[in-house]
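The structure appears right after this line, and notes come after that.
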Amino acid sequence: MRNTYLLLLLPIVGLLASCSHSRHPNSLWYDPNDPGYEFAPAMYHSWAYEPLTQVTDKKGVSWYYNSTPYNDFKGKYNMNMLRPVPNTVARGKIDYYFPYENNDAGRALAAAEWTNPNTMDANRLAEGKRLYNLYCDHCHNENGDGQGALVKAGKFPTMGEYYSRLKDRTEGSVYHTIYHGKGIMGAHASQLGPEQIWLITDWVKVLQQSDKAFTTTTLEEYNTLMGVQ
């Protein structure tokens, strides 16, 4: 008989134990942030660091606190994501490395040192023109005169007299301007990869030759325009 009572008592004790006393507001152990028991808690709470945020309140997050509070990006941002080691390039990203600073001195160095490693062919010519018309002509116009649709609509100021001097810019200077931006022109490094920037630079060099250069469509026309033998 005693064994029978014990068998009946065990499920009752288990049921009562499953009702967390810490959930009652009058309990000494009451915690409004305690969700009680969770099935597969790792599905709800990341054990890994969240790279773009930090949880700095250890009491508020209990057992899944996962921050690096000393990495505060010089007090501006609380992130777990670490800055790269200075003067290093991530593996597989060497093509994305651009060593010139976003200032006039950096642009001057790029103009003098940064050269196009590619050789023009029919595919590069066509793709450079396509990317330019996609990303640039709304301001710079398809012929490169700086009177694109947004400028004509008054969305951006009319290009000044300095614009004519852009015809003398080297490919390194053009690449720097596309990568970092200049003046009211925003940076395009987040939208275009290095190869795409070189393709647009190729086409800008075509547009620098004449007001009618934008009609160039074949490699033969390109060679004639650029004086390539």
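All residue names refer to the structure tokens as shown: chains lettered A, B, ... in order, residues numbered from 1 in each chain, ligands numbered from 1 in order.
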Residues of region 45-224 of chain A in helix (DSSP H, G or I), written as JSON, numbers by chain
{"A": [58, 59, 60, 61, 62, 63, 64, 94, 95, 96, 104, 105, 106, 107, 108, 109, 110, 111, 112, 113, 122, 123, 124, 125, 126, 127, 128, 129, 130, 131, 132, 133, 134, 135, 137, 138, 139, 140, 149, 150, 151, 152, 161, 162, 163, 164, 165, 166, 167, 168, 171, 172, 173, 174, 175, 176, 177, 178, 179, 180, 194, 195, 196, 197, 198, 199, 200, 201, 202, 203, 204, 205, 206, 207, 213, 214, 215, 219, 220, 221, 222, 223, 224]}
Within 9 Å of region 86-98 of chain A using only C-alpha atoms, minus same-chain residues under 6 positions, as number ranges by chain:
A: 176, 179, 193-195
From the options A:Pro84, A:Gly160, A:Pro32, A:Gly181, which residue's atoms come nearest to Cys136 (chain A), counting only C-alpha atoms?
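Selected residue with least distance to Cys136 (chain A): A:Gly181.
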Between A:His180, A:His140, A:Arg130, A:Lys152, which one has atoms that come closest to Ser164 (chain A), using only C-alpha atoms?
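The closest residue to Ser164 (chain A) is A:His140.
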